[in-house]
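Have a look at my_file.txt below; it lists compact mmCIF, C-alpha atoms and all ligand atoms.
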# COMPACT_ATOMS: atom_id res chain seq x y z
CA ASP A 1 21.52 4.24 6.15
CA PRO A 2 18.88 6.65 4.94
CA LEU A 3 19.43 8.97 2.01
CA LEU A 4 20.78 12.33 3.19
CA PRO A 5 19.51 15.67 1.96
CA PRO A 6 21.59 17.23 -0.82
CA ASP A 7 24.08 20.00 -0.23
CA PHE A 8 22.72 22.89 -2.29
CA LYS A 9 26.22 24.37 -2.49
CA SER A 10 27.53 21.47 -4.50
CA CYS A 11 24.64 21.29 -6.94
CA GLY A 12 25.94 20.80 -10.47
CA VAL A 13 24.97 20.05 -14.04
CA ALA A 14 21.66 18.39 -14.84
CA TYR A 15 21.41 15.62 -17.45
CA VAL A 16 18.90 13.88 -19.61
CA GLY A 17 20.40 10.42 -19.97
CA GLU A 18 24.04 11.18 -20.80
CA ASP A 19 23.32 14.58 -22.32
CA PRO A 20 24.19 17.58 -20.15
CA LEU A 21 21.46 20.22 -20.18
CA ASP A 22 22.29 23.85 -20.63
CA VAL A 23 19.82 24.94 -17.98
CA ASN A 24 20.93 25.76 -14.49
CA CYS A 25 18.38 24.21 -12.20
CA CYS A 26 20.28 24.56 -8.94
CA PRO A 27 18.49 26.28 -6.09
CA PRO A 28 19.88 29.39 -4.45
CA THR A 29 22.36 28.26 -1.83
CA SER A 30 21.41 28.24 1.78
CA ASP A 31 23.64 29.41 4.57
CA VAL A 32 21.59 27.87 7.30
CA ILE A 33 19.90 24.49 7.44
CA LYS A 34 17.25 24.10 10.07
CA ASP A 35 15.12 21.12 10.90
CA TYR A 36 11.65 21.84 9.71
CA LYS A 37 9.09 22.23 12.45
CA LEU A 38 5.57 21.41 11.39
CA PRO A 39 3.54 24.52 12.05
CA PRO A 40 0.35 24.25 14.09
CA VAL A 41 -2.70 23.52 11.98
CA HIS A 42 -5.80 25.58 12.52
CA ARG A 43 -7.84 24.78 9.45
CA LEU A 44 -7.63 21.74 7.22
CA ARG A 45 -6.87 22.35 3.61
CA VAL A 46 -9.28 20.54 1.36
CA ARG A 47 -8.03 19.68 -2.09
CA ARG A 48 -10.79 19.55 -4.66
CA ALA A 49 -11.08 17.96 -8.06
CA ALA A 50 -10.01 20.45 -10.71
CA HIS A 51 -12.91 19.65 -13.02
CA ARG A 52 -15.40 20.46 -10.27
CA LEU A 53 -13.81 23.63 -8.97
CA ASN A 54 -16.08 26.67 -8.81
CA LEU A 55 -15.10 29.82 -10.68
CA ALA A 56 -13.99 31.66 -7.59
CA ASN A 57 -11.55 28.88 -6.74
CA VAL A 58 -10.29 28.67 -10.32
CA ALA A 59 -9.67 32.41 -10.21
CA LYS A 60 -7.85 32.03 -6.93
CA TYR A 61 -5.58 29.34 -8.30
CA LYS A 62 -4.81 31.46 -11.36
CA ARG A 63 -3.94 34.33 -9.09
CA ALA A 64 -1.61 32.17 -7.03
CA VAL A 65 0.32 30.97 -10.09
CA LYS A 66 0.43 34.52 -11.41
CA MET A 67 1.89 35.74 -8.13
CA MET A 68 4.51 33.01 -8.23
CA ARG A 69 5.39 33.96 -11.79
CA ASP A 70 5.67 37.60 -10.72
CA LEU A 71 8.17 36.64 -8.05
CA ASP A 72 10.40 35.28 -10.82
CA VAL A 73 10.43 38.65 -12.47
CA ALA A 74 11.04 40.56 -9.26
CA ASP A 75 13.92 38.30 -8.20
CA PRO A 76 14.86 35.24 -10.24
CA THR A 77 16.64 33.77 -7.22
CA ASP A 78 13.60 33.92 -4.98
CA PRO A 79 13.05 30.28 -4.01
CA ARG A 80 9.29 30.86 -3.97
CA GLY A 81 9.19 31.92 -7.62
CA PHE A 82 7.55 29.74 -10.24
CA SER A 83 10.74 28.82 -12.06
CA GLN A 84 12.66 28.08 -8.86
CA GLN A 85 9.79 25.81 -7.85
CA ALA A 86 10.00 24.06 -11.22
CA ASN A 87 13.75 23.74 -10.82
CA ILE A 88 13.32 21.73 -7.64
CA HIS A 89 12.09 18.89 -9.78
CA CYS A 90 14.99 19.22 -12.19
CA ALA A 91 17.63 19.33 -9.46
CA TYR A 92 16.29 16.29 -7.61
CA CYS A 93 15.58 14.21 -10.69
CA ASN A 94 18.11 14.99 -13.41
CA GLY A 95 21.36 14.46 -11.55
CA ALA A 96 22.15 18.00 -10.41
CA HIS A 97 22.17 17.00 -6.75
CA ASP A 98 24.75 14.42 -5.69
CA GLN A 99 24.57 12.20 -2.66
CA VAL A 100 26.53 13.80 0.14
CA GLY A 101 29.56 11.60 0.82
CA HIS A 102 29.13 9.80 -2.52
CA GLU A 103 29.79 12.55 -5.04
CA GLU A 104 29.85 10.05 -7.88
CA LEU A 105 26.22 9.13 -7.20
CA ASP A 106 23.35 11.32 -8.30
CA ILE A 107 20.23 11.72 -6.21
CA GLN A 108 17.14 10.43 -7.99
CA VAL A 109 13.81 10.74 -6.22
CA HIS A 110 11.90 8.65 -8.75
CA PHE A 111 11.70 4.87 -9.12
CA SER A 112 11.93 4.04 -5.44
CA TRP A 113 10.09 4.26 -2.13
CA LEU A 114 11.07 7.94 -2.02
CA PHE A 115 8.73 8.78 -4.89
CA PHE A 116 5.55 9.43 -2.92
CA PRO A 117 7.08 11.09 0.14
CA PHE A 118 9.37 13.36 -1.86
CA HIS A 119 6.51 14.64 -3.99
CA ARG A 120 4.26 15.03 -0.97
CA TRP A 121 6.81 17.33 0.63
CA TYR A 122 7.32 19.16 -2.64
CA LEU A 123 3.60 19.89 -3.00
CA TYR A 124 3.36 20.72 0.67
CA PHE A 125 5.73 23.65 0.31
CA TYR A 126 4.36 24.65 -3.08
CA GLU A 127 0.89 24.85 -1.61
CA ARG A 128 2.07 26.73 1.47
CA ILE A 129 3.86 29.29 -0.68
CA MET A 130 0.66 29.88 -2.64
CA ALA A 131 -1.42 30.10 0.52
CA ASP A 132 1.01 32.62 1.90
CA LEU A 133 1.04 34.75 -1.26
CA LEU A 134 -2.76 34.69 -1.37
CA LYS A 135 -2.95 35.33 2.36
CA ASP A 136 -5.42 32.48 2.45
CA PRO A 137 -4.41 29.71 4.84
CA THR A 138 -7.15 27.46 3.51
CA PHE A 139 -5.82 27.48 -0.05
CA ALA A 140 -5.38 23.97 -1.44
CA LEU A 141 -4.17 22.68 -4.78
CA PRO A 142 -6.85 21.34 -7.09
CA TYR A 143 -6.14 17.79 -8.20
CA TRP A 144 -6.45 16.47 -11.73
CA ASN A 145 -8.92 13.69 -11.05
CA TRP A 146 -7.75 11.39 -13.88
CA ASP A 147 -8.90 8.24 -12.12
CA HIS A 148 -12.51 9.32 -12.63
CA PRO A 149 -14.16 9.28 -16.09
CA LYS A 150 -15.08 12.96 -15.78
CA GLY A 151 -11.49 13.86 -15.03
CA MET A 152 -9.98 11.94 -17.95
CA GLN A 153 -9.00 14.99 -19.94
CA LEU A 154 -6.96 18.05 -19.12
CA PRO A 155 -9.06 20.23 -16.81
CA TRP A 156 -10.24 23.23 -18.84
CA MET A 157 -8.72 25.79 -16.52
CA PHE A 158 -5.26 24.79 -17.78
CA ASP A 159 -6.20 25.29 -21.41
CA GLU A 160 -7.05 28.98 -21.53
CA GLU A 161 -4.27 30.61 -23.47
CA ASP A 162 -4.28 33.93 -21.68
CA SER A 163 -4.15 32.42 -18.21
CA SER A 164 -1.25 31.86 -15.83
CA LEU A 165 -2.20 28.17 -15.84
CA TYR A 166 -1.49 27.77 -19.54
CA ASP A 167 1.68 26.26 -20.93
CA PRO A 168 2.27 26.27 -24.71
CA ASN A 169 4.66 23.31 -24.45
CA ARG A 170 2.09 20.55 -24.55
CA ASN A 171 0.96 17.94 -27.03
CA GLN A 172 -1.48 19.98 -29.11
CA ASP A 173 -3.48 16.93 -30.16
CA ARG A 174 -4.27 16.23 -26.56
CA ARG A 175 -5.80 19.47 -25.50
CA PRO A 176 -9.26 19.03 -24.05
CA PRO A 177 -11.63 17.43 -24.75
CA ALA A 178 -9.16 14.75 -25.96
CA VAL A 179 -9.57 11.72 -23.70
CA LEU A 180 -6.58 10.90 -21.54
CA ASN A 181 -5.19 7.42 -22.09
CA LEU A 182 -3.53 6.00 -18.99
CA ALA A 183 -1.97 3.11 -20.87
CA LEU A 184 1.51 3.93 -22.13
CA ASN A 185 1.89 3.67 -25.91
CA SER A 186 -1.69 2.59 -26.40
CA THR A 187 -3.07 2.83 -29.93
CA ILE A 188 -6.72 2.59 -28.97
CA THR A 189 -8.75 5.55 -30.18
CA ASP A 190 -12.31 4.83 -29.10
CA PRO A 191 -12.95 7.10 -26.08
CA VAL A 192 -15.36 4.67 -24.44
CA GLN A 193 -12.80 1.90 -24.68
CA ILE A 194 -10.03 4.17 -23.39
CA ILE A 195 -12.05 5.14 -20.34
CA SER A 196 -12.95 1.57 -19.57
CA ASN A 197 -9.31 0.50 -19.92
CA ASN A 198 -8.24 3.39 -17.69
CA LEU A 199 -10.53 2.20 -14.94
CA SER A 200 -9.21 -1.34 -14.99
CA LEU A 201 -5.66 -0.06 -15.15
CA MET A 202 -6.33 2.02 -12.04
CA TYR A 203 -7.80 -0.98 -10.27
CA ASN A 204 -4.81 -3.14 -11.13
CA GLU A 205 -2.12 -0.72 -10.05
CA MET A 206 -3.89 0.18 -6.80
CA ILE A 207 -5.28 -3.20 -5.76
CA GLY A 208 -4.82 -6.07 -8.18
CA THR A 209 -1.08 -6.05 -8.80
CA PRO A 210 0.76 -4.93 -5.63
CA ALA A 211 1.52 -7.73 -3.18
CA SER A 212 3.64 -5.59 -0.86
CA ALA A 213 4.06 -1.95 0.08
CA THR A 214 7.19 -1.66 -2.04
CA ASP A 215 5.37 -3.13 -5.05
CA PHE A 216 3.12 -0.11 -4.90
CA MET A 217 5.56 2.50 -3.62
CA GLY A 218 8.82 1.47 -5.28
CA LYS A 219 11.90 -0.41 -4.11
CA ALA A 220 14.24 0.49 -1.27
CA TYR A 221 16.75 3.27 -1.95
CA ARG A 222 19.39 4.03 0.64
CA ASP A 223 22.49 6.10 1.20
CA GLY A 224 25.21 4.89 -1.15
CA ASP A 225 22.87 3.13 -3.58
CA ALA A 226 23.16 3.84 -7.27
CA PRO A 227 20.32 6.01 -8.55
CA PRO A 228 17.28 3.81 -9.09
CA THR A 229 15.86 3.36 -12.56
CA TYR A 230 12.44 2.87 -14.09
CA PRO A 231 11.93 -0.84 -13.28
CA ASP A 232 12.48 -0.12 -9.57
CA GLY A 233 9.44 2.15 -9.42
CA GLY A 234 6.08 1.17 -7.96
CA THR A 235 2.93 0.22 -9.86
CA SER A 236 1.39 3.64 -9.51
CA GLU A 237 4.45 5.61 -10.49
CA LYS A 238 5.18 3.46 -13.52
CA GLY A 239 1.51 3.27 -14.46
CA SER A 240 -0.92 6.16 -14.43
CA HIS A 241 1.67 8.64 -13.19
CA THR A 242 4.16 8.13 -15.99
CA ALA A 243 1.42 7.78 -18.57
CA VAL A 244 0.10 11.27 -17.86
CA HIS A 245 3.58 12.75 -18.27
CA ALA A 246 4.14 10.90 -21.52
CA TRP A 247 0.67 11.51 -22.91
CA PHE A 248 0.87 15.22 -22.46
CA GLY A 249 4.51 16.09 -23.11
CA ASP A 250 5.08 18.07 -26.32
CA PRO A 251 6.45 15.82 -29.09
CA ARG A 252 7.70 18.92 -30.92
CA ASN A 253 10.38 19.32 -28.27
CA GLU A 254 13.54 17.25 -28.03
CA TYR A 255 12.78 15.82 -24.59
CA ASN A 256 8.99 16.18 -24.71
CA GLU A 257 9.17 19.31 -22.62
CA ASP A 258 7.48 20.50 -20.54
CA ILE A 259 5.60 17.83 -18.62
CA GLY A 260 7.19 14.99 -20.60
CA ASN A 261 10.61 15.25 -18.93
CA PHE A 262 11.66 15.48 -15.29
CA TYR A 263 13.77 18.58 -15.69
CA SER A 264 11.00 20.65 -17.26
CA ALA A 265 7.83 19.06 -15.87
CA GLY A 266 7.38 21.66 -13.14
CA ARG A 267 7.17 24.43 -15.73
CA ASP A 268 3.69 23.24 -16.58
CA PRO A 269 1.19 24.33 -13.92
CA ALA A 270 -0.80 21.17 -14.70
CA PHE A 271 2.11 19.18 -13.24
CA TYR A 272 1.21 20.18 -9.67
CA SER A 273 -2.42 19.19 -10.12
CA HIS A 274 -1.31 15.95 -11.72
CA HIS A 275 0.85 15.26 -8.68
CA ALA A 276 -1.87 16.30 -6.29
CA ASN A 277 -3.78 13.36 -7.73
CA VAL A 278 -0.75 11.07 -7.55
CA ASP A 279 -0.51 12.06 -3.90
CA ARG A 280 -4.18 11.30 -3.48
CA MET A 281 -3.57 7.82 -4.90
CA TRP A 282 -1.09 7.21 -2.11
CA THR A 283 -3.72 8.12 0.47
CA ILE A 284 -6.38 5.99 -1.20
CA TRP A 285 -4.11 2.97 -1.51
CA ASN A 286 -3.11 3.36 2.10
CA ASP A 287 -6.72 3.19 3.22
CA ILE A 288 -7.68 0.13 1.20
CA PRO A 289 -7.48 -3.05 3.26
CA ALA A 290 -4.97 -5.56 1.91
CA ASP A 291 -3.35 -8.76 3.10
CA TYR A 292 0.06 -7.11 3.38
CA PRO A 293 1.16 -4.25 5.64
CA LYS A 294 0.89 -0.81 4.06
CA ALA A 295 3.35 0.96 6.31
CA ILE A 296 7.05 0.81 5.56
CA THR A 297 8.80 0.79 8.91
CA ASP A 298 12.40 0.50 7.74
CA PRO A 299 14.30 3.35 9.42
CA ASP A 300 16.20 3.97 6.19
CA TYR A 301 12.86 4.88 4.69
CA LEU A 302 11.49 6.84 7.63
CA ASN A 303 14.64 8.88 8.10
CA ALA A 304 15.37 9.68 4.47
CA SER A 305 15.40 13.44 4.17
CA PHE A 306 15.20 16.29 1.72
CA LEU A 307 15.86 20.00 1.68
CA PHE A 308 13.30 22.65 0.68
CA TYR A 309 12.72 26.34 1.11
CA ASP A 310 9.55 27.16 2.94
CA GLU A 311 7.05 29.95 2.25
CA THR A 312 8.81 32.65 4.19
CA LYS A 313 10.35 35.40 2.15
CA GLN A 314 14.04 35.01 2.56
CA LEU A 315 16.80 37.45 2.00
CA PRO A 316 20.31 36.08 2.36
CA PRO A 317 21.20 34.33 4.54
CA ARG A 318 18.61 31.88 3.31
CA ARG A 319 17.49 29.09 5.52
CA ALA A 320 16.61 25.83 3.89
CA ALA A 321 14.42 23.45 5.83
CA ALA A 322 15.40 19.80 6.22
CA VAL A 323 12.46 17.44 6.25
CA ASN A 324 12.26 13.71 6.63
CA ILE A 325 9.68 11.14 5.72
CA GLN A 326 8.69 10.34 9.26
CA ASP A 327 7.45 13.86 9.79
CA LEU A 328 4.90 13.42 7.04
CA SER A 329 2.96 11.09 9.27
CA LYS A 330 3.16 13.50 12.19
CA GLY A 331 0.81 15.86 10.53
CA VAL A 332 1.31 16.68 6.90
CA LYS A 333 -0.92 13.97 5.61
CA THR A 334 -3.81 14.25 7.98
CA ALA A 335 -3.54 17.95 8.52
CA GLU A 336 -3.30 18.94 4.91
CA LYS A 337 -5.56 16.60 3.11
CA VAL A 338 -9.11 15.51 3.30
CA PHE A 339 -10.30 13.47 0.39
CA PRO A 340 -13.93 12.75 -0.16
CA LEU A 341 -13.43 10.08 -2.75
CA LYS A 342 -14.13 6.62 -3.97
CA LEU A 343 -12.02 4.40 -6.09
CA ARG A 344 -14.05 3.03 -8.95
CA LYS A 345 -13.50 -0.41 -10.27
CU1 LIG A 401 8.70 13.81 -10.05
CU2 LIG A 401 5.62 13.10 -12.02
O1 LIG A 401 7.41 13.28 -11.40
In structure tokens, write the structure found in this file.
Amino acid sequence: DPLLPPDFKSCGVAYVGEDPLDVNCCPPTSDVIKDYKLPPVHRLRVRRAAHRLNLANVAKYKRAVKMMRDLDVADPTDPRGFSQQANIHCAYCNGAHDQVGHEELDIQVHFSWLFFPFHRWYLYFYERIMADLLKDPTFALPYWNWDHPKGMQLPWMFDEEDSSLYDPNRNQDRRPPAVLNLALNSTITDPVQIISNNLSLMYNEMIGTPASATDFMGKAYRDGDAPPTYPDGGTSEKGSHTAVHAWFGDPRNEYNEDIGNFYSAGRDPAFYSHHANVDRMWTIWNDIPADYPKAITDPDYLNASFLFYDETKQLPPRRAAAVNIQDLSKGVKTAEKVFPLKLRK
């Protein structure tokens, strides 16, 4: 059977490994669960590369994050607020949510075929909340284009200390223009060599290595399964995706907070642009011809579902929206994303 959405009311303690965290990352509880209805799409959102964004769009993105941060102050339980949005990642990834009907099993949305669809839904609502706050239905998240040589450093907009996009909890040696290394634990220091290695690493995880959809996406994960672990993840998740988290997490902090640990990653605004690029990798991979089928048709995959709050301002009773993976293909992907891009070998 497919994984069921969590019950927000029974959300509990979050962990790193065996260590309980003293942060409460549970969402506000919802009194009503409705099935999410994809709203009609009038204009496509176009996500652009962060390093090529014009100043007006950078300013707009700063304003959106600022507005989300202001919601935190106005009402810390507002599900649209910046810290509640960050907590979503903690609750779904650090053991706070249990599987309904299997209370001894934590939900873990990494290291399995749920990785891409979960994060696509997560960004979908994050982006819609921002669009709603900005009153700009065309607003789209910029993506950190780390698969391209010009994007292989933190986009400057995230490094201005007085901006809403800044996060002090980052590896200080890796602020721009330090060159991003997509190989985990690499000791290479020559930037030209790093960039060339990054490009072959990207080629391998997108094209060279995967021989099946689950090789790329991650293994099956169903209702009643133990939480998957790192080796079960797909080439992309375990490769470039994890490397960016590890490269940029702050080694001064116990768990490499912020972006270096699941529970805290969403506190860094760069996280969402990182994942916008991860999401883009899914689209690119999907469009590259291969000698294996790209679509996973297992109903336990298609019907796996999650719970999110949407962009509407909600006073109690709050209504959480249940979404499933199948619905992504009914519109989220094509309606929300247009990617003018090329994968470079
Ligand atoms: Cu949910 Cu990059 O992790």
- Task: Figure out the distance between CA of Val41 (chain A) and CA of Ala59 (chain A), please, to one decimal in Å.
- Result: 24.9 Å
Find the spatial neighbours of region 292-307 of chain A, counting only C-alpha atoms, within a cut-off of 9 Å - ignore same-chain residues fewer than 2 positions away - and output them as an mmCIF file with C-alpha atoms, keeping the file's coordinate frame.
data_model
loop_
_atom_site.group_PDB
_atom_site.id
_atom_site.type_symbol
_atom_site.label_atom_id
_atom_site.label_comp_id
_atom_site.auth_asym_id
_atom_site.auth_seq_id
_atom_site.Cartn_x
_atom_site.Cartn_y
_atom_site.Cartn_z
ATOM 1 C CA ASP A 1 21.520 4.240 6.150
ATOM 2 C CA PRO A 2 18.880 6.650 4.940
ATOM 3 C CA LEU A 3 19.430 8.970 2.010
ATOM 4 C CA LEU A 4 20.780 12.330 3.190
ATOM 5 C CA PRO A 5 19.510 15.670 1.960
ATOM 6 C CA PRO A 6 21.590 17.230 -0.820
ATOM 7 C CA ASP A 7 24.080 20.000 -0.230
ATOM 8 C CA PHE A 8 22.720 22.890 -2.290
ATOM 9 C CA ILE A 33 19.900 24.490 7.440
ATOM 10 C CA TRP A 113 10.090 4.260 -2.130
ATOM 11 C CA LEU A 114 11.070 7.940 -2.020
ATOM 12 C CA PHE A 118 9.370 13.360 -1.860
ATOM 13 C CA TRP A 121 6.810 17.330 0.630
ATOM 14 C CA ALA A 211 1.520 -7.730 -3.180
ATOM 15 C CA SER A 212 3.640 -5.590 -0.860
ATOM 16 C CA ALA A 213 4.060 -1.950 0.080
ATOM 17 C CA THR A 214 7.190 -1.660 -2.040
ATOM 18 C CA ALA A 220 14.240 0.490 -1.270
ATOM 19 C CA TYR A 221 16.750 3.270 -1.950
ATOM 20 C CA ARG A 222 19.390 4.030 0.640
ATOM 21 C CA ASP A 223 22.490 6.100 1.200
ATOM 22 C CA TRP A 285 -4.110 2.970 -1.510
ATOM 23 C CA ASN A 286 -3.110 3.360 2.100
ATOM 24 C CA ASP A 287 -6.720 3.190 3.220
ATOM 25 C CA PRO A 289 -7.480 -3.050 3.260
ATOM 26 C CA ALA A 290 -4.970 -5.560 1.910
ATOM 27 C CA TYR A 309 12.720 26.340 1.110
ATOM 28 C CA ALA A 320 16.610 25.830 3.890
ATOM 29 C CA ALA A 321 14.420 23.450 5.830
ATOM 30 C CA ALA A 322 15.400 19.800 6.220
ATOM 31 C CA VAL A 323 12.460 17.440 6.250
ATOM 32 C CA ASN A 324 12.260 13.710 6.630
ATOM 33 C CA ILE A 325 9.680 11.140 5.720
ATOM 34 C CA GLN A 326 8.690 10.340 9.260
ATOM 35 C CA ASP A 327 7.450 13.860 9.790
#
- Got a sec to check which residues lie within 10 Å of ligand LIG 401 (chain A), using all atoms listed in the file, and send them as number ranges by chain? A: 88-90, 92-93, 108-111, 115-116, 118-119, 122, 237-238, 240-246, 259-263, 265-266, 271-272, 274-276, 278
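Non-sequential neighbours of Asn169 (chain A) (distance at most 10 Å, separation of 3 or more positions within a chain, all atoms listed in the file) are Tyr166, Gln172, Phe248, Gly249, Asp250, Pro251, Arg252, Asn253, Asn256, Glu257, Asp258, Ile259, Gly260, Ser264, Arg267 and Asp268 of chain A.
Proximity to Gly81 (chain A) was assessed for A:Phe125, A:Leu38, A:Asp22, A:Phe158 counting all atoms listed in the file; the smallest distance is recorded for A:Phe125.
The point (8.3, 34.3, -11.7) has these residues within 12 Å of it when only C-alpha atoms are used: Ala64, Val65, Lys66, Met67, Met68, Arg69, Asp70, Leu71, Asp72, Val73, Ala74, Asp75, Pro76, Thr77, Asp78, Pro79, Arg80, Gly81, Phe82, Ser83, Gln84, Gln85, Ala86, Asn87, Ser164 and Arg267 of chain A.
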Export of prior selection with C-alpha atoms as an mmCIF file, keeping the file's coordinate frame:
data_model
loop_
_atom_site.group_PDB
_atom_site.id
_atom_site.type_symbol
_atom_site.label_atom_id
_atom_site.label_comp_id
_atom_site.auth_asym_id
_atom_site.auth_seq_id
_atom_site.Cartn_x
_atom_site.Cartn_y
_atom_site.Cartn_z
ATOM 1 C CA ALA A 64 -1.610 32.170 -7.030
ATOM 2 C CA VAL A 65 0.320 30.970 -10.090
ATOM 3 C CA LYS A 66 0.430 34.520 -11.410
ATOM 4 C CA MET A 67 1.890 35.740 -8.130
ATOM 5 C CA MET A 68 4.510 33.010 -8.230
ATOM 6 C CA ARG A 69 5.390 33.960 -11.790
ATOM 7 C CA ASP A 70 5.670 37.600 -10.720
ATOM 8 C CA LEU A 71 8.170 36.640 -8.050
ATOM 9 C CA ASP A 72 10.400 35.280 -10.820
ATOM 10 C CA VAL A 73 10.430 38.650 -12.470
ATOM 11 C CA ALA A 74 11.040 40.560 -9.260
ATOM 12 C CA ASP A 75 13.920 38.300 -8.200
ATOM 13 C CA PRO A 76 14.860 35.240 -10.240
ATOM 14 C CA THR A 77 16.640 33.770 -7.220
ATOM 15 C CA ASP A 78 13.600 33.920 -4.980
ATOM 16 C CA PRO A 79 13.050 30.280 -4.010
ATOM 17 C CA ARG A 80 9.290 30.860 -3.970
ATOM 18 C CA GLY A 81 9.190 31.920 -7.620
ATOM 19 C CA PHE A 82 7.550 29.740 -10.240
ATOM 20 C CA SER A 83 10.740 28.820 -12.060
ATOM 21 C CA GLN A 84 12.660 28.080 -8.860
ATOM 22 C CA GLN A 85 9.790 25.810 -7.850
ATOM 23 C CA ALA A 86 10.000 24.060 -11.220
ATOM 24 C CA ASN A 87 13.750 23.740 -10.820
ATOM 25 C CA SER A 164 -1.250 31.860 -15.830
ATOM 26 C CA ARG A 267 7.170 24.430 -15.730
#
- Could you state the separation of CA of Ile194 (chain A) and CA of Ile207 (chain A) in Å, given to one decimal place? 19.7 Å
- Message: Residues within 12 Å of Pro20 (chain A), please, as number ranges by chain. Count only C-alpha atoms; anything in the same chain fewer than 6 positions from it doesn't count.
- Response: A: 12-14, 94-96, 263
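Among A:Pro176, A:Ala140, A:Ile195, A:Phe308, the residue with the shortest atom-to-atom distance to Ala91 (chain A), counting only C-alpha atoms, is A:Phe308.
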Please define a box with edges along x, y and z of the file around all atoms of region 189-202 of chain A given in the file, extend it by 8 Å on each side, and return its centre and edge lengths in Å to one decimal, as JSON.
{"center_x": -10.5, "center_y": 2.9, "center_z": -21.1, "size_x": 25.7, "size_y": 24.4, "size_z": 34.1}
- Nearest to Phe139 (chain A) among A:Ile284, A:Val100, A:Leu44, A:Ala183, with distances taken over all atoms listed in the file: which residue is it? A:Leu44
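Minimum distance to Asn57 (chain A) across A:Ser112, A:Thr138, A:Ser30, A:Gln99 (counting all atoms listed in the file) occurs at A:Thr138.
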- May I ask for the distance between CA of Thr229 (chain A) and CA of Leu201 (chain A), given in Å to one decimal place? 21.9 Å
